[in-house]
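Okay, structure first, notes after.
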Amino acid sequence: MFKHKTSVLIANSKEKNTIVRQVPTHIIVHWRRYAYYFAFITLSLFLVSGYLVFQNTSRAYKDRLARANYVQSQIDLQKALTTFASIDSGIYRINTFLQERGLEKLKLDNVGGVDEGFDIIHINEFTSFYDNQLADMEETLLKLPLGKPYDGKVNSLYGYRRNPFTNKGAEFHSGVDFRGRQGDSIRATGNGIVTFAGYNGGYGKCVVVKHNETLETLYGHLKQIDVKEGQKIQSGDHIGLMGSTGRSTGPHLHYEVIFNGKKINPLKYISFDLE
Ligand SMILES: [Zn+2]
């Protein structure tokens with residue numbers, strides 16, 4: 001049906017550029033039908049491609065939505081808030097403990113705002129806040145003399161006691177005594193600098209360690225001193241051997257905690273008691 005052609009003349013009124021085209025007569029006769037076909041196909045293509053685009057976009061959107069819902073269901077916001085609150089009170093208790101023991105420099109800021117206005121999108125801020133807070137605390141704790149300088153039995157406490165030589169009268173005992181064996185290792189209770197290492201009257205061979213601006217510890221009656229003045233030491237480092245030098249009735253360690261120059265009860269520091 002397309003064999004029979006008709007010549008179509010496209011003539012320009014001014015110029016000579018007249019164009020002649022051979023078009024199948026069938027198309028010229030039924031041009032409306034062809035115009036409809038053309039319009040129909042164009043419209044169909046447009047609709048199909050539009051549908052595909054929509055389909056893909058909405059699938060990606062649904063996937064993301066499902067993922068977001070899943071993540072949300074995994075985060076129990078209430079539980080997170082409770083955890084933060086309990087970390088806060090833990091930090092507060094430890095801070096109070098440290099402050100009572102003379103570490104004024106500690107930052108006491110809680111995270112604040114956990115109770116109100118907490119949004120899960122701030123989770124990174126919160127975790128980094130706690131990371132920093134705990135790092136500060138660790139640094140401070142290492143400078144604090146904590147625990148025992150010697151793993152032995154305490155046989156004399158801080159405070160007034162009977163004179164151990166005469167067994168008569170009262171005298172003030174400025175530290176805690178640990179009974180032990182001659183030559184056992186004595187360890188520093190915190191990071192610090194050795195400010196005294198030598199013989200000191202009744203203390204005999206004695207070591208003093210300065211831990212921070214306010215706290216020092218003293219280790220007396222040593223048989224041997226294994227550190228030098230000015231030496232930097234870490235918590236738990238060996239400083240000397242247990243002995244009975246100075247005013248002593250037998251091998252033991254006399255241990256003192258000195259706060260702002262005043263000898264205080266070391267038991268507060270030996271047991272990590274948060275009262
Ligand atoms: Zn003593």
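Every chain in the structure tokens has a letter given in the order shown (A, B, ...), and although residue numbers restart at 1 in each chain, ligands are simply numbered from 1 in the order shown.
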
Produce a table with one row for each residue of chain A that has an atom at most 9 Å from any atom of ligand 1, each row naming the nearest atom pair and its distance in Å at one decimal; use only C-alpha atoms and all ligand atoms; arrange rows by chain and rising residue number; format as JSON lines.
{"residue": "A:Ser156", "atom": "CA", "partner": "ligand 1", "partner_atom_place_in_ligand_line": "1 (Zn)", "distance": 6.9}
{"residue": "A:Leu157", "atom": "CA", "partner": "ligand 1", "partner_atom_place_in_ligand_line": "1 (Zn)", "distance": 8.0}
{"residue": "A:Tyr158", "atom": "CA", "partner": "ligand 1", "partner_atom_place_in_ligand_line": "1 (Zn)", "distance": 8.2}
{"residue": "A:His173", "atom": "CA", "partner": "ligand 1", "partner_atom_place_in_ligand_line": "1 (Zn)", "distance": 6.3}
{"residue": "A:Ser174", "atom": "CA", "partner": "ligand 1", "partner_atom_place_in_ligand_line": "1 (Zn)", "distance": 7.0}
{"residue": "A:Gly175", "atom": "CA", "partner": "ligand 1", "partner_atom_place_in_ligand_line": "1 (Zn)", "distance": 5.5}
{"residue": "A:Val176", "atom": "CA", "partner": "ligand 1", "partner_atom_place_in_ligand_line": "1 (Zn)", "distance": 5.6}
{"residue": "A:Asp177", "atom": "CA", "partner": "ligand 1", "partner_atom_place_in_ligand_line": "1 (Zn)", "distance": 4.7}
{"residue": "A:Phe178", "atom": "CA", "partner": "ligand 1", "partner_atom_place_in_ligand_line": "1 (Zn)", "distance": 8.1}
{"residue": "A:Tyr203", "atom": "CA", "partner": "ligand 1", "partner_atom_place_in_ligand_line": "1 (Zn)", "distance": 8.4}
{"residue": "A:Gly220", "atom": "CA", "partner": "ligand 1", "partner_atom_place_in_ligand_line": "1 (Zn)", "distance": 7.8}
{"residue": "A:His221", "atom": "CA", "partner": "ligand 1", "partner_atom_place_in_ligand_line": "1 (Zn)", "distance": 8.6}
{"residue": "A:Arg247", "atom": "CA", "partner": "ligand 1", "partner_atom_place_in_ligand_line": "1 (Zn)", "distance": 9.0}
{"residue": "A:Ser248", "atom": "CA", "partner": "ligand 1", "partner_atom_place_in_ligand_line": "1 (Zn)", "distance": 8.0}
{"residue": "A:His252", "atom": "CA", "partner": "ligand 1", "partner_atom_place_in_ligand_line": "1 (Zn)", "distance": 8.0}
{"residue": "A:Leu253", "atom": "CA", "partner": "ligand 1", "partner_atom_place_in_ligand_line": "1 (Zn)", "distance": 7.0}
{"residue": "A:His254", "atom": "CA", "partner": "ligand 1", "partner_atom_place_in_ligand_line": "1 (Zn)", "distance": 4.1}
{"residue": "A:Tyr255", "atom": "CA", "partner": "ligand 1", "partner_atom_place_in_ligand_line": "1 (Zn)", "distance": 6.7}
{"residue": "A:Glu256", "atom": "CA", "partner": "ligand 1", "partner_atom_place_in_ligand_line": "1 (Zn)", "distance": 8.3}

Residues just named, written with C-alpha atoms as a PDB file, in the first residue's frame:
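To be explicit, this is the file written out as part.pdb:
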ATOM      1  CA  SER A 156      48.113  -0.450 113.225  1.00  0.00           C
ATOM      2  CA  LEU A 157      45.652   2.228 112.170  1.00  0.00           C
ATOM      3  CA  TYR A 158      45.828   6.019 111.962  1.00  0.00           C
ATOM      4  CA  HIS A 173      50.011   7.447 114.875  1.00  0.00           C
ATOM      5  CA  SER A 174      50.147   9.490 111.676  1.00  0.00           C
ATOM      6  CA  GLY A 175      49.796   6.611 109.199  1.00  0.00           C
ATOM      7  CA  VAL A 176      48.870   2.996 108.695  1.00  0.00           C
ATOM      8  CA  ASP A 177      51.228   0.080 109.382  1.00  0.00           C
ATOM      9  CA  PHE A 178      51.381  -3.009 107.182  1.00  0.00           C
ATOM     10  CA  TYR A 203      60.939   6.999 109.752  1.00  0.00           C
ATOM     11  CA  GLY A 220      58.816   4.476 106.032  1.00  0.00           C
ATOM     12  CA  HIS A 221      61.107   1.981 107.815  1.00  0.00           C
ATOM     13  CA  ARG A 247      61.765   3.844 115.230  1.00  0.00           C
ATOM     14  CA  SER A 248      60.399   0.386 114.590  1.00  0.00           C
ATOM     15  CA  HIS A 252      56.631  -3.326 108.689  1.00  0.00           C
ATOM     16  CA  LEU A 253      55.751  -0.503 106.335  1.00  0.00           C
ATOM     17  CA  HIS A 254      54.592   2.807 107.749  1.00  0.00           C
ATOM     18  CA  TYR A 255      52.421   4.438 105.085  1.00  0.00           C
ATOM     19  CA  GLU A 256      51.169   8.028 105.175  1.00  0.00           C
TER      20      GLU A 256
END

Shell of 9 Å around Gly243 of chain A, only C-alpha atoms, local chain residues under 2 positions omitted, as a PyMOL selection string: chain A and resi 180-184+205+220-224+241+245+250-253

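Take atom CA of Leu81 of chain A and atom CA of Leu134 of chain A: the distance between them is 18.1 Å.
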
Nearest residue to Lys228 of chain A from the set A:Asn155, A:Asn212, A:Thr249, A:Thr195 (distances using only C-alpha atoms):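 Smallest distance to Lys228 of chain A is found for A:Thr195.
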
Residues flagged strand (DSSP E) by DSSP in segment 25-248 of chain A, as JSON, numbers by chain: {"A": [154, 155, 156, 159, 160, 161, 162, 170, 171, 172, 173, 176, 177, 178, 179, 185, 186, 187, 192, 193, 194, 195, 196, 197, 198, 199, 205, 206, 207, 208, 209, 210, 215, 216, 217, 218, 219, 220, 221, 222, 224, 225, 232, 233, 238, 239, 240, 241]}

Generate a file of the selected residues that holds C-alpha atoms, formatted as a PDB file, in the first residue's frame.
ATOM      1  CA  VAL A 154      47.159  -3.667 108.445  1.00  0.00           C
ATOM      2  CA  ASN A 155      48.266  -4.040 112.056  1.00  0.00           C
ATOM      3  CA  SER A 156      48.113  -0.450 113.225  1.00  0.00           C
ATOM      4  CA  GLY A 159      44.937   7.843 115.171  1.00  0.00           C
ATOM      5  CA  TYR A 160      45.715   7.679 118.875  1.00  0.00           C
ATOM      6  CA  ARG A 161      47.174   4.414 120.068  1.00  0.00           C
ATOM      7  CA  ARG A 162      49.145   2.995 122.949  1.00  0.00           C
ATOM      8  CA  ALA A 170      48.850   7.400 124.184  1.00  0.00           C
ATOM      9  CA  GLU A 171      50.619   8.629 121.095  1.00  0.00           C
ATOM     10  CA  PHE A 172      49.354   9.806 117.783  1.00  0.00           C
ATOM     11  CA  HIS A 173      50.011   7.447 114.875  1.00  0.00           C
ATOM     12  CA  VAL A 176      48.870   2.996 108.695  1.00  0.00           C
ATOM     13  CA  ASP A 177      51.228   0.080 109.382  1.00  0.00           C
ATOM     14  CA  PHE A 178      51.381  -3.009 107.182  1.00  0.00           C
ATOM     15  CA  ARG A 179      52.982  -6.053 108.722  1.00  0.00           C
ATOM     16  CA  SER A 185      58.645  -5.195  97.588  1.00  0.00           C
ATOM     17  CA  ILE A 186      56.895  -1.882  98.399  1.00  0.00           C
ATOM     18  CA  ARG A 187      54.985  -0.180  95.590  1.00  0.00           C
ATOM     19  CA  GLY A 192      54.091  10.983  90.767  1.00  0.00           C
ATOM     20  CA  ILE A 193      57.590  12.325  91.430  1.00  0.00           C
ATOM     21  CA  VAL A 194      59.923  11.178  94.228  1.00  0.00           C
ATOM     22  CA  THR A 195      60.531  14.282  96.380  1.00  0.00           C
ATOM     23  CA  PHE A 196      62.459  12.566  99.174  1.00  0.00           C
ATOM     24  CA  ALA A 197      64.538   9.388  99.259  1.00  0.00           C
ATOM     25  CA  GLY A 198      66.820   8.951 102.266  1.00  0.00           C
ATOM     26  CA  TYR A 199      67.095   8.589 106.021  1.00  0.00           C
ATOM     27  CA  LYS A 205      64.897   4.886 105.317  1.00  0.00           C
ATOM     28  CA  CYS A 206      61.978   6.747 103.805  1.00  0.00           C
ATOM     29  CA  VAL A 207      60.495   7.694 100.432  1.00  0.00           C
ATOM     30  CA  VAL A 208      58.050  10.546  99.742  1.00  0.00           C
ATOM     31  CA  VAL A 209      56.154  10.745  96.463  1.00  0.00           C
ATOM     32  CA  LYS A 210      54.300  13.867  95.282  1.00  0.00           C
ATOM     33  CA  LEU A 215      48.691  14.953  97.680  1.00  0.00           C
ATOM     34  CA  GLU A 216      51.836  13.123  98.773  1.00  0.00           C
ATOM     35  CA  THR A 217      52.490   9.641 100.137  1.00  0.00           C
ATOM     36  CA  LEU A 218      55.225   8.525 102.518  1.00  0.00           C
ATOM     37  CA  TYR A 219      56.752   5.068 102.879  1.00  0.00           C
ATOM     38  CA  GLY A 220      58.816   4.476 106.032  1.00  0.00           C
ATOM     39  CA  HIS A 221      61.107   1.981 107.815  1.00  0.00           C
ATOM     40  CA  LEU A 222      62.427   0.631 104.478  1.00  0.00           C
ATOM     41  CA  GLN A 224      66.442  -0.456 101.008  1.00  0.00           C
ATOM     42  CA  ILE A 225      65.437   2.474  98.786  1.00  0.00           C
ATOM     43  CA  LYS A 232      59.140  10.044  87.881  1.00  0.00           C
ATOM     44  CA  ILE A 233      57.219   6.933  88.879  1.00  0.00           C
ATOM     45  CA  HIS A 238      58.562  -0.771  93.005  1.00  0.00           C
ATOM     46  CA  ILE A 239      60.210   1.872  95.232  1.00  0.00           C
ATOM     47  CA  GLY A 240      62.055  -0.174  97.861  1.00  0.00           C
ATOM     48  CA  LEU A 241      62.124  -3.117 100.267  1.00  0.00           C
TER      49      LEU A 241
END

Option closest in space to Lys268 of chain A, from A:Thr166, A:Gly147, A:Ile121, A:Asp88 [counting only C-alpha atoms]: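 Closest residue, counting only C-alpha atoms: A:Gly147.
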
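Using only C-alpha atoms, the smallest distance between any of A:Leu77, A:Val8, A:Ala39, A:Leu52 and Thr25 of chain A comes from A:Val8.
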
What residues in segment 14-177 of chain A get the DSSP label helix (DSSP H, G or I)? Please answer as a CSV table (one decimal) with C-alpha atoms, in the first residue's frame.
chain,number,residue,atom,x,y,z
A,25,THR,CA,-0.2,8.3,-1.2
A,26,HIS,CA,-1.7,6.1,1.6
A,27,ILE,CA,-0.2,8.4,4.3
A,28,ILE,CA,-1.5,11.5,2.6
A,29,VAL,CA,-5.0,10.1,2.3
A,31,TRP,CA,-2.9,11.4,7.5
A,32,ARG,CA,-5.2,11.7,10.5
A,33,ARG,CA,-4.9,8.0,11.3
A,34,TYR,CA,-1.1,8.3,11.2
A,35,ALA,CA,-1.1,11.4,13.3
A,36,TYR,CA,-3.1,9.5,15.9
A,37,TYR,CA,-0.7,6.5,15.8
A,38,PHE,CA,2.2,8.8,16.3
A,39,ALA,CA,0.5,10.7,19.2
A,40,PHE,CA,-0.5,7.4,20.8
A,41,ILE,CA,3.0,5.8,20.6
A,42,THR,CA,4.6,9.0,21.9
A,43,LEU,CA,2.2,9.2,24.8
A,44,SER,CA,2.6,5.5,25.6
A,45,LEU,CA,6.4,5.8,25.7
A,46,PHE,CA,6.1,8.9,27.9
A,47,LEU,CA,3.7,7.1,30.3
A,48,VAL,CA,5.8,3.9,30.5
A,49,SER,CA,9.1,5.7,31.1
A,50,GLY,CA,7.4,7.9,33.7
A,51,TYR,CA,6.0,4.9,35.5
A,52,LEU,CA,9.4,3.2,35.5
A,53,VAL,CA,11.1,6.2,36.9
A,54,PHE,CA,8.5,6.5,39.6
A,55,GLN,CA,8.7,2.8,40.4
A,56,ASN,CA,12.5,2.9,40.9
A,57,THR,CA,12.4,6.1,42.9
A,58,SER,CA,9.7,4.8,45.2
A,59,ARG,CA,11.4,1.4,45.7
A,60,ALA,CA,14.6,3.2,46.8
A,61,TYR,CA,12.6,5.4,49.0
A,62,LYS,CA,10.7,2.5,50.5
A,63,ASP,CA,14.0,0.6,51.1
A,64,ARG,CA,15.4,3.6,52.9
A,65,LEU,CA,12.3,4.1,54.9
A,66,ALA,CA,12.3,0.4,55.9
A,67,ARG,CA,16.0,0.8,57.0
A,68,ALA,CA,15.3,3.9,59.0
A,69,ASN,CA,12.3,2.2,60.7
A,70,TYR,CA,14.5,-0.8,61.5
A,71,VAL,CA,17.3,1.4,63.0
A,72,GLN,CA,14.7,3.3,65.0
A,73,SER,CA,13.2,0.1,66.3
A,74,GLN,CA,16.7,-1.1,67.4
A,77,LEU,CA,15.5,5.7,73.3
A,78,GLN,CA,14.2,5.3,76.8
A,79,LYS,CA,16.9,2.7,77.6
A,80,ALA,CA,19.6,5.0,76.2
A,81,LEU,CA,18.4,7.8,78.4
A,82,THR,CA,18.4,5.6,81.5
A,83,THR,CA,21.9,4.5,80.6
A,84,PHE,CA,23.1,8.1,80.2
A,85,ALA,CA,21.5,9.1,83.5
A,86,SER,CA,23.2,6.2,85.3
A,87,ILE,CA,26.6,7.1,83.7
A,88,ASP,CA,25.9,10.7,84.8
A,89,SER,CA,25.3,9.7,88.4
A,90,GLY,CA,28.4,7.4,88.3
A,91,ILE,CA,30.5,10.3,87.1
A,92,TYR,CA,29.0,12.5,89.8
A,93,ARG,CA,29.8,9.9,92.6
A,94,ILE,CA,33.3,9.4,91.4
A,95,ASN,CA,33.8,13.2,91.0
A,96,THR,CA,32.5,13.7,94.5
A,97,PHE,CA,34.9,11.0,95.8
A,98,LEU,CA,37.8,12.6,94.0
A,99,GLN,CA,36.9,16.1,95.2
A,100,GLU,CA,36.7,15.0,98.8
A,120,ILE,CA,19.0,10.6,69.0
A,121,ILE,CA,20.7,12.6,66.2
A,122,HIS,CA,23.0,14.1,69.0
A,123,ILE,CA,24.2,10.6,70.0
A,124,ASN,CA,27.7,11.4,68.7
A,125,GLU,CA,28.0,14.5,70.8
A,126,PHE,CA,26.9,12.6,73.8
A,127,THR,CA,29.2,9.7,73.3
A,128,SER,CA,32.2,12.0,72.7
A,129,PHE,CA,31.3,14.0,75.8
A,130,TYR,CA,31.4,10.8,77.9
A,131,ASP,CA,34.7,9.7,76.2
A,132,ASN,CA,36.3,13.0,77.1
A,133,GLN,CA,34.9,12.9,80.6
A,134,LEU,CA,36.2,9.4,81.2
A,135,ALA,CA,39.6,10.2,79.8
A,136,ASP,CA,39.9,13.2,82.2
A,137,MET,CA,38.8,11.0,85.0
A,138,GLU,CA,41.3,8.3,84.2
A,139,GLU,CA,44.1,10.8,84.1
A,140,THR,CA,43.0,12.2,87.4
A,141,LEU,CA,42.7,8.8,89.0
A,142,LEU,CA,46.2,7.8,88.0
